[in-house]
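Trainee: Below is the file entry.pdb, which contains PDB, C-alpha atoms.
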ATOM      1  CA  MET Z  56     110.357 121.956 116.213
ATOM      2  CA  SER Z  57     107.620 123.212 118.512
ATOM      3  CA  HIS Z  58     104.533 121.093 118.992
ATOM      4  CA  ASP Z  59     102.585 124.346 118.641
ATOM      5  CA  HIS Z  60     103.472 124.414 114.939
ATOM      6  CA  ARG Z  61     100.433 122.708 113.419
ATOM      7  CA  PRO Z  62      99.705 124.364 110.067
ATOM      8  CA  PHE Z  63      96.789 122.050 109.290
ATOM      9  CA  GLY Z  64      95.596 121.095 112.766
ATOM     10  CA  THR Z  65      96.240 117.868 114.643
ATOM     11  CA  VAL Z  66      93.695 115.268 113.531
ATOM     12  CA  LEU Z  67      92.841 115.243 109.833
ATOM     13  CA  THR Z  68      90.833 112.566 108.072
ATOM     14  CA  ALA Z  69      91.703 111.615 104.509
ATOM     15  CA  MET Z  70      88.071 111.683 103.424
ATOM     16  CA  ILE Z  71      86.412 109.268 101.034
ATOM     17  CA  THR Z  72      84.556 110.673  98.047
ATOM     18  CA  PRO Z  73      80.889 109.666  98.331
ATOM     19  CA  PHE Z  74      79.262 108.450  95.140
ATOM     20  CA  ALA Z  75      75.574 108.355  94.260
ATOM     21  CA  LYS Z  76      73.805 105.212  93.041
ATOM     22  CA  ASP Z  77      74.391 106.206  89.421
ATOM     23  CA  GLY Z  78      78.144 106.434  90.027
ATOM     24  CA  SER Z  79      78.352 110.227  90.013
ATOM     25  CA  VAL Z  80      79.926 112.209  92.828
ATOM     26  CA  ASP Z  81      77.508 112.819  95.697
ATOM     27  CA  VAL Z  82      78.374 116.478  96.182
ATOM     28  CA  GLU Z  83      75.747 117.067  98.861
ATOM     29  CA  GLY Z  84      76.887 113.928 100.659
ATOM     30  CA  ALA Z  85      80.478 115.156 100.641
ATOM     31  CA  GLY Z  86      79.448 118.265 102.549
ATOM     32  CA  LYS Z  87      77.364 116.256 105.029
ATOM     33  CA  LEU Z  88      80.177 113.778 105.635
ATOM     34  CA  ALA Z  89      82.654 116.593 106.214
ATOM     35  CA  GLU Z  90      80.308 118.112 108.799
ATOM     36  CA  HIS Z  91      80.063 114.740 110.542
ATOM     37  CA  LEU Z  92      83.854 114.349 110.576
ATOM     38  CA  VAL Z  93      84.410 117.776 112.122
ATOM     39  CA  ALA Z  94      81.747 117.066 114.747
ATOM     40  CA  LEU Z  95      83.567 113.794 115.523
ATOM     41  CA  GLY Z  96      86.754 115.663 116.388
ATOM     42  CA  ASN Z  97      88.680 116.315 113.187
ATOM     43  CA  ASP Z  98      90.186 119.769 112.917
ATOM     44  CA  GLY Z  99      91.189 119.143 109.329
ATOM     45  CA  ILE Z 100      89.887 117.340 106.242
ATOM     46  CA  VAL Z 101      91.946 116.122 103.303
ATOM     47  CA  VAL Z 102      89.905 115.739 100.127
ATOM     48  CA  ASN Z 103      90.860 114.119  96.831
ATOM     49  CA  GLY Z 104      93.634 111.995  98.284
ATOM     50  CA  THR Z 105      94.198 108.266  97.892
ATOM     51  CA  THR Z 106      91.202 107.444 100.095
ATOM     52  CA  GLY Z 107      89.198 109.965  98.085
ATOM     53  CA  GLU Z 108      89.798 107.813  94.998
ATOM     54  CA  SER Z 109      91.659 110.644  93.302
ATOM     55  CA  ALA Z 110      93.006 108.244  90.689
ATOM     56  CA  THR Z 111      89.503 107.768  89.274
ATOM     57  CA  THR Z 112      87.866 111.182  89.693
ATOM     58  CA  THR Z 113      87.993 113.929  87.077
ATOM     59  CA  GLU Z 114      89.261 117.469  87.597
ATOM     60  CA  ILE Z 115      85.677 118.741  87.568
ATOM     61  CA  GLU Z 116      84.670 116.188  90.211
ATOM     62  CA  LYS Z 117      87.685 117.004  92.369
ATOM     63  CA  ASN Z 118      86.786 120.684  92.324
ATOM     64  CA  GLN Z 119      83.127 119.902  93.108
ATOM     65  CA  VAL Z 120      84.123 117.891  96.168
ATOM     66  CA  LEU Z 121      86.603 120.510  97.346
ATOM     67  CA  LYS Z 122      84.053 123.309  97.006
ATOM     68  CA  ALA Z 123      81.379 121.291  98.825
ATOM     69  CA  VAL Z 124      83.688 120.570 101.755
ATOM     70  CA  LEU Z 125      84.922 124.165 101.925
ATOM     71  CA  ASP Z 126      81.333 125.420 101.929
ATOM     72  CA  ALA Z 127      80.389 122.951 104.662
ATOM     73  CA  VAL Z 128      83.304 123.193 107.091
ATOM     74  CA  GLY Z 129      85.823 125.679 105.724
ATOM     75  CA  ASN Z 130      85.152 128.073 108.608
ATOM     76  CA  LYS Z 131      85.555 125.306 111.229
ATOM     77  CA  ALA Z 132      88.439 123.155 109.971
ATOM     78  CA  LYS Z 133      91.450 123.231 107.692
ATOM     79  CA  VAL Z 134      90.585 121.858 104.263
ATOM     80  CA  VAL Z 135      93.560 120.445 102.387
ATOM     81  CA  ALA Z 136      93.213 119.544  98.713
ATOM     82  CA  GLY Z 137      94.964 116.508  97.351
ATOM     83  CA  VAL Z 138      96.408 117.663  94.037
ATOM     84  CA  GLY Z 139      99.060 115.045  93.400
ATOM     85  CA  SER Z 140      99.567 113.153  90.163
ATOM     86  CA  ASN Z 141     102.474 111.755  88.191
ATOM     87  CA  ASP Z 142     102.407 114.726  85.813
ATOM     88  CA  THR Z 143     103.913 117.911  87.218
ATOM     89  CA  ALA Z 144     101.999 120.225  84.875
ATOM     90  CA  HIS Z 145      98.721 118.529  85.785
ATOM     91  CA  THR Z 146      99.528 118.818  89.491
ATOM     92  CA  VAL Z 147     100.267 122.526  89.082
ATOM     93  CA  GLY Z 148      96.889 122.989  87.406
ATOM     94  CA  LEU Z 149      95.087 121.207  90.222
ATOM     95  CA  ALA Z 150      96.972 123.279  92.813
ATOM     96  CA  LYS Z 151      95.935 126.495  91.073
ATOM     97  CA  ASP Z 152      92.311 125.307  91.020
ATOM     98  CA  ALA Z 153      92.526 124.569  94.752
ATOM     99  CA  ALA Z 154      93.917 128.023  95.446
ATOM    100  CA  LYS Z 155      91.099 129.688  93.466
ATOM    101  CA  LEU Z 156      88.484 127.712  95.379
ATOM    102  CA  GLY Z 157      89.939 128.758  98.727
ATOM    103  CA  ALA Z 158      91.639 125.594  99.992
ATOM    104  CA  HIS Z 159      93.780 126.081 103.086
ATOM    105  CA  GLY Z 160      96.612 123.962 101.706
ATOM    106  CA  VAL Z 161      97.562 121.235  99.251
ATOM    107  CA  LEU Z 162      98.739 117.655  99.682
ATOM    108  CA  VAL Z 163     101.165 116.525  96.978
ATOM    109  CA  VAL Z 164     102.132 112.874  96.651
ATOM    110  CA  THR Z 165     105.415 111.712  95.155
ATOM    111  CA  PRO Z 166     104.950 111.160  91.407
ATOM    112  CA  TYR Z 167     104.009 107.515  90.998
ATOM    113  CA  TYR Z 168     104.727 104.994  88.217
ATOM    114  CA  ASN Z 169     107.313 107.229  86.474
ATOM    115  CA  LYS Z 170     109.971 106.412  89.112
ATOM    116  CA  PRO Z 171     111.762 109.790  88.909
ATOM    117  CA  SER Z 172     115.241 110.331  90.311
ATOM    118  CA  GLN Z 173     115.561 112.318  93.532
ATOM    119  CA  ALA Z 174     116.458 115.332  91.372
ATOM    120  CA  GLY Z 175     113.130 114.843  89.599
ATOM    121  CA  VAL Z 176     111.259 114.379  92.885
ATOM    122  CA  TYR Z 177     112.738 117.625  94.201
ATOM    123  CA  ALA Z 178     111.960 119.511  90.978
ATOM    124  CA  HIS Z 179     108.364 118.234  90.994
ATOM    125  CA  PHE Z 180     107.614 119.430  94.527
ATOM    126  CA  LYS Z 181     109.447 122.726  94.047
ATOM    127  CA  THR Z 182     107.557 123.461  90.828
ATOM    128  CA  VAL Z 183     104.203 122.836  92.512
ATOM    129  CA  ALA Z 184     105.204 124.864  95.588
ATOM    130  CA  ASP Z 185     106.227 127.760  93.344
ATOM    131  CA  ALA Z 186     102.878 127.741  91.530
ATOM    132  CA  THR Z 187     100.677 129.075  94.361
ATOM    133  CA  ASP Z 188     100.989 130.704  97.766
ATOM    134  CA  LEU Z 189      99.260 127.791  99.492
ATOM    135  CA  PRO Z 190     101.125 125.873 102.207
ATOM    136  CA  LEU Z 191     102.094 122.454 100.888
ATOM    137  CA  MET Z 192     102.294 119.065 102.580
ATOM    138  CA  THR Z 193     104.507 116.530 100.857
ATOM    139  CA  TYR Z 194     103.197 112.953 100.915
ATOM    140  CA  ASP Z 195     105.856 110.267 101.187
ATOM    141  CA  ILE Z 196     104.385 106.836 100.441
ATOM    142  CA  PRO Z 197     106.927 104.720  98.550
ATOM    143  CA  GLY Z 198     104.723 101.620  98.746
ATOM    144  CA  ARG Z 199     102.320 103.292  96.316
ATOM    145  CA  ALA Z 200     104.562 105.780  94.544
ATOM    146  CA  GLY Z 201     107.401 103.361  93.816
ATOM    147  CA  VAL Z 202     110.038 105.801  95.065
ATOM    148  CA  PRO Z 203     110.600 107.441  98.455
ATOM    149  CA  ILE Z 204     111.302 111.067  99.136
ATOM    150  CA  GLU Z 205     114.763 110.469 100.511
ATOM    151  CA  SER Z 206     115.763 112.215 103.729
ATOM    152  CA  GLU Z 207     118.168 114.633 102.089
ATOM    153  CA  THR Z 208     115.516 115.544  99.508
ATOM    154  CA  LEU Z 209     113.012 116.320 102.272
ATOM    155  CA  ILE Z 210     115.600 118.471 104.013
ATOM    156  CA  ARG Z 211     116.184 120.436 100.797
ATOM    157  CA  LEU Z 212     112.445 120.795 100.194
ATOM    158  CA  SER Z 213     111.918 122.094 103.743
ATOM    159  CA  GLU Z 214     113.882 125.201 102.793
ATOM    160  CA  HIS Z 215     111.025 126.287 100.472
ATOM    161  CA  LYS Z 216     108.776 128.821 102.200
ATOM    162  CA  ASN Z 217     105.589 127.085 101.055
ATOM    163  CA  ILE Z 218     106.603 123.506 101.939
ATOM    164  CA  VAL Z 219     105.586 123.302 105.582
ATOM    165  CA  ALA Z 220     104.647 119.699 106.357
ATOM    166  CA  ASN Z 221     105.125 116.056 105.468
ATOM    167  CA  LYS Z 222     102.651 113.194 105.554
ATOM    168  CA  ASP Z 223     104.752 110.181 106.453
ATOM    169  CA  ALA Z 224     103.637 106.777 105.177
ATOM    170  CA  LYS Z 225     107.176 105.491 104.678
ATOM    171  CA  ASN Z 226     107.186 103.200 107.735
ATOM    172  CA  ASN Z 227     110.759 104.203 108.575
ATOM    173  CA  LEU Z 228     111.074 105.690 112.048
ATOM    174  CA  GLU Z 229     114.833 106.155 111.685
ATOM    175  CA  SER Z 230     114.454 108.283 108.558
ATOM    176  CA  ALA Z 231     111.583 110.229 110.134
ATOM    177  CA  SER Z 232     113.633 110.937 113.248
ATOM    178  CA  TYR Z 233     116.492 112.283 111.154
ATOM    179  CA  VAL Z 234     114.350 114.619 109.057
ATOM    180  CA  ILE Z 235     112.310 115.857 112.033
ATOM    181  CA  LYS Z 236     115.555 116.712 113.833
ATOM    182  CA  ASN Z 237     116.987 118.563 110.856
ATOM    183  CA  THR Z 238     113.964 120.501 109.549
ATOM    184  CA  ASP Z 239     111.012 122.592 110.740
ATOM    185  CA  LEU Z 240     108.522 120.449 108.817
ATOM    186  CA  ALA Z 241     105.294 119.724 110.665
ATOM    187  CA  TRP Z 242     105.260 115.928 110.685
ATOM    188  CA  TYR Z 243     101.966 114.088 110.222
ATOM    189  CA  SER Z 244     101.579 110.342 110.536
ATOM    190  CA  GLY Z 245     100.116 108.847 107.376
ATOM    191  CA  GLU Z 246     100.042 105.309 108.773
ATOM    192  CA  ASP Z 247      97.426 104.833 111.481
ATOM    193  CA  ALA Z 248      99.213 101.988 113.255
ATOM    194  CA  LEU Z 249     102.246 104.255 113.689
ATOM    195  CA  ASN Z 250     100.345 107.308 114.972
ATOM    196  CA  LEU Z 251     101.637 107.036 118.524
ATOM    197  CA  PRO Z 252     105.190 105.889 117.639
ATOM    198  CA  LEU Z 253     105.527 108.875 115.318
ATOM    199  CA  LEU Z 254     104.317 111.259 118.032
ATOM    200  CA  SER Z 255     107.079 109.871 120.229
ATOM    201  CA  ILE Z 256     109.776 111.033 117.801
ATOM    202  CA  GLY Z 257     108.324 114.452 117.043
ATOM    203  CA  ALA Z 258     105.231 114.159 114.835
ATOM    204  CA  ILE Z 259     102.505 116.686 115.631
ATOM    205  CA  GLY Z 260      99.409 115.008 114.230
ATOM    206  CA  PHE Z 261      97.793 112.555 111.870
ATOM    207  CA  VAL Z 262      96.326 112.339 108.394
ATOM    208  CA  SER Z 263      94.179 109.333 109.144
ATOM    209  CA  VAL Z 264      91.900 106.932 107.322
ATOM    210  CA  CYS Z 265      90.524 105.561 110.602
ATOM    211  CA  GLY Z 266      89.644 109.132 111.577
ATOM    212  CA  HIS Z 267      86.364 108.547 109.727
ATOM    213  CA  LEU Z 268      85.426 106.377 112.710
ATOM    214  CA  VAL Z 269      87.653 107.296 115.668
ATOM    215  CA  ALA Z 270      88.761 110.926 115.299
ATOM    216  CA  ASP Z 271      87.575 111.582 118.849
ATOM    217  CA  ARG Z 272      89.904 108.911 120.212
ATOM    218  CA  LEU Z 273      92.808 110.034 118.050
ATOM    219  CA  LYS Z 274      92.292 113.562 119.365
ATOM    220  CA  ALA Z 275      92.281 112.230 122.934
ATOM    221  CA  MET Z 276      95.429 110.198 122.307
ATOM    222  CA  ALA Z 277      97.304 113.204 120.935
ATOM    223  CA  ALA Z 278      96.096 115.413 123.800
ATOM    224  CA  ALA Z 279      97.208 112.844 126.369
ATOM    225  CA  PHE Z 280     100.609 112.469 124.747
ATOM    226  CA  PHE Z 281     101.257 116.206 124.549
ATOM    227  CA  ALA Z 282     100.114 116.603 128.167
ATOM    228  CA  GLY Z 283     102.723 114.041 129.228
ATOM    229  CA  ASP Z 284     100.203 111.319 130.091
ATOM    230  CA  HIS Z 285     101.960 108.653 128.052
ATOM    231  CA  LYS Z 286     100.225 105.816 129.873
ATOM    232  CA  LYS Z 287      96.811 107.091 128.770
ATOM    233  CA  ALA Z 288      98.067 107.663 125.215
ATOM    234  CA  LEU Z 289      99.347 104.079 125.105
ATOM    235  CA  GLU Z 290      96.030 102.719 126.402
ATOM    236  CA  ILE Z 291      94.140 104.550 123.652
ATOM    237  CA  HIS Z 292      96.637 103.383 121.018
ATOM    238  CA  GLN Z 293      96.322  99.763 122.095
ATOM    239  CA  GLY Z 294      92.534  99.980 122.157
ATOM    240  CA  LEU Z 295      92.580 101.202 118.569
ATOM    241  CA  LEU Z 296      94.730  98.366 117.199
ATOM    242  CA  PRO Z 297      91.755  96.207 116.096
ATOM    243  CA  VAL Z 298      90.313  99.215 114.270
ATOM    244  CA  TYR Z 299      93.600  99.769 112.456
ATOM    245  CA  THR Z 300      93.691  96.093 111.486
ATOM    246  CA  GLY Z 301      90.094  95.973 110.320
ATOM    247  CA  VAL Z 302      90.259  99.144 108.284
ATOM    248  CA  MET Z 303      93.767  99.039 106.842
ATOM    249  CA  SER Z 304      95.140  95.484 106.833
ATOM    250  CA  ARG Z 305      92.472  93.172 105.479
ATOM    251  CA  MET Z 306      91.459  95.127 102.356
ATOM    252  CA  PRO Z 307      92.062  98.544 100.806
ATOM    253  CA  GLY Z 308      91.053 101.320 103.191
ATOM    254  CA  VAL Z 309      88.579 102.800 100.716
ATOM    255  CA  MET Z 310      86.603  99.553 100.672
ATOM    256  CA  SER Z 311      86.514  99.137 104.447
ATOM    257  CA  ILE Z 312      85.695 102.765 105.238
ATOM    258  CA  LYS Z 313      82.943 102.958 102.623
ATOM    259  CA  ALA Z 314      81.464  99.756 104.058
ATOM    260  CA  ALA Z 315      81.662 101.076 107.628
ATOM    261  CA  LEU Z 316      80.161 104.458 106.743
ATOM    262  CA  GLY Z 317      77.373 102.752 104.825
ATOM    263  CA  LEU Z 318      76.578 100.637 107.884
ATOM    264  CA  GLN Z 319      76.415 103.859 109.926
ATOM    265  CA  GLY Z 320      73.996 105.408 107.436
ATOM    266  CA  LEU Z 321      76.505 108.054 106.325
ATOM    267  CA  PRO Z 322      77.227 109.133 102.724
ATOM    268  CA  ALA Z 323      79.609 106.702 101.042
ATOM    269  CA  GLY Z 324      78.299 104.753  98.065
ATOM    270  CA  ALA Z 325      80.195 102.269  95.984
ATOM    271  CA  ALA Z 326      83.869 102.334  95.117
ATOM    272  CA  ARG Z 327      84.934 102.997  91.546
ATOM    273  CA  LEU Z 328      86.639 100.340  89.517
ATOM    274  CA  PRO Z 329      89.262  98.977  89.724
ATOM    275  CA  LEU Z 330      88.277  99.047  93.413
ATOM    276  CA  VAL Z 331      85.267  96.929  94.318
ATOM    277  CA  ASP Z 332      82.976  96.930  97.324
ATOM    278  CA  ALA Z 333      83.507  94.722 100.351
ATOM    279  CA  ASP Z 334      81.626  91.415 100.162
ATOM    280  CA  GLU Z 335      79.515  89.921 102.961
ATOM    281  CA  LYS Z 336      82.379  87.890 104.395
ATOM    282  CA  GLN Z 337      84.634  90.960 104.491
ATOM    283  CA  ILE Z 338      81.896  93.067 106.096
ATOM    284  CA  THR Z 339      81.333  90.402 108.768
ATOM    285  CA  GLN Z 340      85.055  90.427 109.574
ATOM    286  CA  LEU Z 341      85.103  94.240 109.558
ATOM    287  CA  ARG Z 342      82.214  94.342 112.028
ATOM    288  CA  ALA Z 343      84.078  91.939 114.310
ATOM    289  CA  ASP Z 344      87.300  93.966 114.157
ATOM    290  CA  LEU Z 345      85.496  97.239 114.813
ATOM    291  CA  LEU Z 346      83.550  95.718 117.692
ATOM    292  CA  ASP Z 347      86.832  94.504 119.159
ATOM    293  CA  GLY Z 348      88.025  98.094 118.855
ATOM    294  CA  GLY Z 349      84.975  99.516 120.628
ATOM    295  CA  ILE Z 350      82.846 100.421 117.595
ATOM    296  CA  LYS Z 351      79.458  98.784 117.195
ATOM    297  CA  ILE Z 352      77.923  99.051 113.739
TER
END
Just give me the structure of the file as structure tokens.
Mentor:
Amino acid sequence: MSHDHRPFGTVLTAMITPFAKDGSVDVEGAGKLAEHLVALGNDGIVVNGTTGESATTTEIEKNQVLKAVLDAVGNKAKVVAGVGSNDTAHTVGLAKDAAKLGAHGVLVVTPYYNKPSQAGVYAHFKTVADATDLPLMTYDIPGRAGVPIESETLIRLSEHKNIVANKDAKNNLESASYVIKNTDLAWYSGEDALNLPLLSIGAIGFVSVCGHLVADRLKAMAAAFFAGDHKKALEIHQGLLPVYTGVMSRMPGVMSIKAALGLQGLPAGAARLPLVDADEKQITQLRADLLDGGIKI
């Protein structure tokens, strides 16, 4: 597959959903944060994904956030709507809402909790892809979903005209290599620590949580890699390792990113239960990790 085939850009951040002090969605803040992220170097924004706390936002709130981000940056970046759930009919409804609002694509996670067979996984994605004309990115994250999208299932899904990309959070470079070789899917890393390794086997970009903080460096790393300057790409990757650890390994990414954005004075707010906010000890450790990774907050 050509590295020029980037249906949603190269560096996308899986954006948090900012909440106001009363717990409601901060719609204005969502637009402001999206503008900040694009200015930082993102050429795409994913809203209403895992990091957007999609499990605890309503359909109305999801559509409010999507509209706010589209209004703010829809002419400057690709805006991809997370529409996944473990109910195919519900996912179809969310995808149709996204299409009406003008989203540039949809992100659809493997149905979680139900543990469908691979026949069910295939039927779920195909049904959603059939429901609109939007390009669709599958999201393979067996650690959360409970089941993987197996390689042969991804290969079958790639034959659908609307299924154009995969967000890979499977942590299986062998499987990724096989599917990249045998499909035209645009492959996006969904695991920040594997951003560079996945580029090395054919990925074309990232859907990143750490992109809230380091999209500029992720953009530089990808540019260096594609220009053949692998030494520079490796240097950037290694410099980012403490950021990856601080944001993704010590607590849920939502908690760490909301804490970091709050320290930067950007829209974030509290997390919704069952997630809780980072405590003082966690924030102290986060500051230390980010400082080690070149970010002073």
Trainee: Of the candidates Z:Lys117, Z:Lys274, Z:Arg199, Z:His159, which one gets nearest to Thr65 in chain Z if we count all atoms listed in the file?
Mentor: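 Checking each of Z:Lys117, Z:Lys274, Z:Arg199, Z:His159 against Thr65 in chain Z, counting all atoms listed in the file, the winner is Z:Lys274.
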Trainee: Given the choices Z:Val138, Z:Ala277, Z:Ser213, Z:Gly96, which gets closest to Thr113 in chain Z if the distance is worked out from only C-alpha atoms?
Mentor: Z:Val138
Trainee: Per residue of range 74-126 of chain Z within 8 Å of range 296-316 of chain Z, which atom pair is closest and at what distance in Å (one decimal), using only C-alpha atoms, listed by chain and increasing number, as a tab-separated table?
Mentor:
residue	atom	partner	partner_atom	distance
Z:Thr106	CA	Z:Val309	CA	5.4
Z:Gly107	CA	Z:Val309	CA	7.7
Z:Glu108	CA	Z:Val309	CA	7.7
Trainee: Tell me which of Z:Val219, Z:Leu295, Z:Ala69, Z:Leu254 sits closest to Leu346 in chain Z, counting all atoms listed in the file.
Mentor: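 Of Z:Val219, Z:Leu295, Z:Ala69, Z:Leu254, the one nearest Leu346 in chain Z is Z:Leu295, counting all atoms listed in the file.
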Trainee: Translate the PyMOL selection byres ((chain Z and resi 237) around 12) into a concrete residue list for this structure, as a JSON list (two decimals) with C-alpha atoms, in the coordinates of the input.
Mentor:
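Output (part29.json):
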[["chain", "number", "residue", "atom", "x", "y", "z"],
["Z", 56, "MET", "CA", 110.36, 121.96, 116.21],
["Z", 206, "SER", "CA", 115.76, 112.22, 103.73],
["Z", 207, "GLU", "CA", 118.17, 114.63, 102.09],
["Z", 208, "THR", "CA", 115.52, 115.54, 99.51],
["Z", 209, "LEU", "CA", 113.01, 116.32, 102.27],
["Z", 210, "ILE", "CA", 115.60, 118.47, 104.01],
["Z", 211, "ARG", "CA", 116.18, 120.44, 100.80],
["Z", 212, "LEU", "CA", 112.44, 120.80, 100.19],
["Z", 213, "SER", "CA", 111.92, 122.09, 103.74],
["Z", 214, "GLU", "CA", 113.88, 125.20, 102.79],
["Z", 230, "SER", "CA", 114.45, 108.28, 108.56],
["Z", 231, "ALA", "CA", 111.58, 110.23, 110.13],
["Z", 232, "SER", "CA", 113.63, 110.94, 113.25],
["Z", 233, "TYR", "CA", 116.49, 112.28, 111.15],
["Z", 234, "VAL", "CA", 114.35, 114.62, 109.06],
["Z", 235, "ILE", "CA", 112.31, 115.86, 112.03],
["Z", 236, "LYS", "CA", 115.56, 116.71, 113.83],
["Z", 238, "THR", "CA", 113.96, 120.50, 109.55],
["Z", 239, "ASP", "CA", 111.01, 122.59, 110.74],
["Z", 240, "LEU", "CA", 108.52, 120.45, 108.82],
["Z", 241, "ALA", "CA", 105.29, 119.72, 110.66],
["Z", 257, "GLY", "CA", 108.32, 114.45, 117.04]]
Trainee: Using only C-alpha atoms, determine which residues lie at most 8 Å from Asp188 in chain Z, disregarding the query and same-chain residues fewer than 2 positions distant; provide the list as a PyMOL selection string.
Mentor: chain Z and resi 154+184-186+190+217
